[in-house]
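Asker: Here it is, the structure, as structure tokens.
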Amino acid sequence: MGRRDGHAVSRRQAIRLAGTGLGLAVLGAGAWGCTPEEETGASGGGTTPGGSKGGDTNKGGDTFTTPPPGTAPKPLWQQKTANDDLAGIHALAVIGGAVVVSGDPLVGRDAVSGKEKWSRPGVTIPGAKLITGGGTLYLASAEYDGDVVGLDPATGKETWRSRLGKEYEQPRPIAADDRHVYVLAGILEEDLSSPTNVIAAIDTTSGKIAWREKRDTGTEEFGITATVVGGRLAYTDFRKNVTVRDTTTGRQLWTKKIGRSNYYRFAVHEDLLIVPDGQRLRAFALAAGTERWSLANEKFTWFNDPQVLDGVLYASDSAYGMWAVNPGTGKQIWHNNDLVGSAAEAWQFAKVGGTLYGATEHDKHGGVHAFDAATGKLRWTYNDNTGENQKWYVIATGKRLAAMHAKRLYALPAV
């Protein structure tokens with residue numbers, strides 16, 4: 001179940017149901033209690049000494065210490081969530097000191113204490129992506145009325161609302177910046193079908209449509225991963241396309257076919273867009289789409305989702321290897337292929353100081369891995385030992401990690 005290909009079909013079906021609102025009940029918070037840390041447990045999977053000793057005193061006044069080298073930490077706090085596990089990389093967000101999880105109710109928690117700051121039931125659709133831009137959290141309205149709403153992440157209060165128009169089916173935010181919210185929506189026909197769709201930009205000041213561009217007939221509306229960088233909107237989709245548009249006009253600058261579906265994450269670095277394409281990592285120039293570099297893996301071994309953190313590109317692969325790569329040149333910095341039997345494939349990364357943290361999909365050796373960022377050596381693995389088969393998520397917030405698994409949210413020390 002740790003293999004990406006084994007999840008593709010069911011995942012797409014789930015997202016399609018979430019996007020249309022058909023046959024999908026909102027998953028509740030679950031009936032688990034706030035179990036003691038000893039019961040949720042922590043397994044130390046690291047065999048290489050690492051981590052730092054000592055404590056950390058933060059603005060909230062609490063002090064925590066890290067465990068001995070090679071030992072996984074225990075949570076600083078834990079809370080139940082309404083995570084529906086349908087929003088992909090946008091299921092967990094940290095915005096202005098608030099930790100937010102996609103689900104119903106939508107809840108903002110203080111990252112230091114874990115205490116609830118606000119709660120908004122019925123504010124968005126199941127599987128809603130937590131899209132942030134300009135300090136605002138943007139979501140598709142739960143009323144299925146075509147509205148896109150903006151919330152203040154500090155209070156959960158609605159501060160913004162707009163819509164494309166009645167001729168479009170359920171616009172869904174895919175990215176945002178200081179000027180625009182970028183949405184995808186189906187074009188409704190007389191029979192209420194939507195064989196074609198548009199990508200559009202809504203002005204965050206006026207709420208008016210800045211531009212809208214019709215996409216090719218047959219282009220899927222789901223499986224979109226997008227980001228905004230340097231005046232360009234870049235996105236990939238289930239059709240194995242990578243596309244870049246100008247954020248001011250919506251004009252398509254270029255599009256390319258890639259050989260492997262990318263439905264979680266790609267990376268950007270300066271003027272480059274970097275995608276995993278099966279056995280290779282490929283870097284394209286954002287402006288023109290020309291290929292700048294390509295890094296090949298071993299035969300029948302594919303790269304997972306890359307991230308650029310502190311100027312270094314990190315990625316795992318299907319052989320349980322870990323890579324650090326110079327994102328400007330594609331040259332390998334290190335490759336740790338000694339993790340078989342001790343680690344799982346990481347799909348999401350965070351970095352604090354000299355430690356790289358990786359969240360994994362379901363695997364008995366998975367959880368949140370801590371790697372030495374300089375060498376890729378495994379330091380420890382945190383796992384709550386619940387046996388839940390949902391993937392893990394991890395985001396850095398100060399000297400803490402917000403980590404999520406199934407319907408549990410944890411704060412782990414990251415010092």
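By order of appearance in the structure tokens: chains A, B, ..., then residues from 1 within every chain, and ligands from 1 in the order shown.
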Find the residues around Ser102 of chain A up to 10 Å (only C-alpha atoms counted), leave out those fewer than 2 positions away in its own chain, and share them as a PyMOL selection string.
Answerer: chain A and resi 81-88+90-93+100+104-107+124-130+139
Asker: List every residue of segment 168-200 of chain A that DSSP, applied to the backbone, labels as strand (DSSP E or B), and write the result as a list in words.
Answerer: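 DSSP-assigned strand (DSSP E or B) residues in segment 168-200 of chain A: Tyr168, Glu169, Gln170, Pro171, Arg172, Pro173, Ile174, Ala175, Ala176, His180, Val181, Tyr182, Val183, Leu184, Ala185, Gly186, Ile187, Asn197, Val198, Ile199 and Ala200 of chain A.
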Asker: What's around segment 145-160 of chain A at 8 Å? Count only C-alpha atoms, leave out sequence neighbours fewer than 3 positions away in its own chain, and write the answer as an MDAnalysis selection string.
Answerer: chainID A and resid 95:98 107:108 117:120 135:142 163:166 168:173 207
Asker: Point out the residue among A:Trp293, A:Trp302, A:Tyr235, A:Trp380 with the least atom-to-atom distance to Glu345 of chain A, counting only C-alpha atoms.
Answerer: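 Checking each of A:Trp293, A:Trp302, A:Tyr235, A:Trp380 against Glu345 of chain A, counting only C-alpha atoms, the winner is A:Trp302.
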Asker: Using atom CA of Ala226 of chain A and atom CA of Ala175 of chain A as the two end points, give the distance in Å to one decimal.
Answerer: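 Straight-line distance from atom CA of Ala226 of chain A to atom CA of Ala175 of chain A works out to 5.9 Å.
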Asker: Can you pull out the residues contacting segment 277-287 of chain A? Cut-off 8 Å, using only C-alpha atoms, and skip same-chain residues under 4 positions away; I want them as a PyMOL selection string.
Answerer: chain A and resi 232+244+253+258-262+271-273+291-303+330
Asker: Please produce an output containing N, CA and C atoms for each residue in the selection, written as a compact mmCIF listing (two decimals), in the first residue's frame.
Answerer:
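Dumped everything to again-v3.txt:
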# COMPACT_ATOMS: atom_id res chain seq x y z
N ARG A 232 4.13 33.80 -12.83
CA ARG A 232 3.67 32.67 -13.65
C ARG A 232 2.90 31.68 -12.80
N VAL A 244 2.32 26.21 -18.02
CA VAL A 244 2.66 27.48 -17.38
C VAL A 244 1.91 28.60 -18.09
N LEU A 253 1.86 30.10 -21.73
CA LEU A 253 3.22 30.30 -22.23
C LEU A 253 3.75 29.02 -22.87
N ILE A 258 4.42 14.93 -19.92
CA ILE A 258 5.43 14.18 -19.18
C ILE A 258 4.97 12.74 -19.12
N GLY A 259 5.90 11.83 -18.94
CA GLY A 259 5.60 10.41 -19.09
C GLY A 259 4.95 9.76 -17.91
N ARG A 260 4.86 10.47 -16.78
CA ARG A 260 4.30 9.86 -15.58
C ARG A 260 3.38 10.87 -14.90
N SER A 261 2.23 10.41 -14.43
CA SER A 261 1.27 11.31 -13.81
C SER A 261 1.85 11.93 -12.55
N ASN A 262 1.73 13.23 -12.43
CA ASN A 262 2.20 13.96 -11.25
C ASN A 262 0.97 14.53 -10.56
N ASP A 271 14.26 30.27 -11.60
CA ASP A 271 13.54 30.29 -12.88
C ASP A 271 13.27 28.90 -13.41
N LEU A 272 13.28 27.88 -12.53
CA LEU A 272 13.10 26.50 -12.97
C LEU A 272 11.87 25.86 -12.33
N LEU A 273 11.23 24.97 -13.09
CA LEU A 273 10.16 24.11 -12.60
C LEU A 273 10.66 22.68 -12.70
N GLU A 291 14.11 22.37 -21.58
CA GLU A 291 14.64 21.50 -20.53
C GLU A 291 16.07 21.91 -20.20
N ARG A 292 16.31 22.20 -18.93
CA ARG A 292 17.63 22.66 -18.49
C ARG A 292 18.51 21.51 -18.03
N TRP A 293 17.90 20.57 -17.30
CA TRP A 293 18.68 19.42 -16.86
C TRP A 293 17.75 18.24 -16.57
N SER A 294 18.35 17.06 -16.52
CA SER A 294 17.61 15.83 -16.23
C SER A 294 18.52 14.92 -15.40
N LEU A 295 17.96 14.35 -14.35
CA LEU A 295 18.72 13.44 -13.48
C LEU A 295 18.04 12.08 -13.50
N ALA A 296 18.77 11.05 -13.92
CA ALA A 296 18.20 9.71 -14.05
C ALA A 296 18.43 8.89 -12.79
N ASN A 297 17.46 8.09 -12.46
CA ASN A 297 17.56 7.13 -11.37
C ASN A 297 17.89 5.77 -11.95
N GLU A 298 18.02 4.76 -11.09
CA GLU A 298 18.28 3.41 -11.56
C GLU A 298 17.09 2.88 -12.36
N LYS A 299 17.30 1.90 -13.19
CA LYS A 299 16.25 1.34 -14.02
C LYS A 299 15.11 0.82 -13.15
N PHE A 300 13.88 1.10 -13.56
CA PHE A 300 12.66 0.68 -12.87
C PHE A 300 12.51 1.33 -11.49
N THR A 301 13.21 2.41 -11.25
CA THR A 301 13.11 3.12 -9.99
C THR A 301 12.67 4.55 -10.27
N TRP A 302 11.53 4.95 -9.72
CA TRP A 302 11.01 6.27 -10.04
C TRP A 302 11.15 7.22 -8.85
N PHE A 303 11.22 8.50 -9.18
CA PHE A 303 11.29 9.53 -8.17
C PHE A 303 9.90 9.88 -7.66
N GLY A 330 21.07 20.17 -11.24
CA GLY A 330 20.69 18.76 -11.29
C GLY A 330 21.77 17.82 -10.80
Asker: Of the candidates A:Ala406, A:Ala111, A:Leu401, A:Leu184, which shows the shortest atom-to-atom distance to Asn389 of chain A, using only C-alpha atoms?
Answerer: A:Ala406
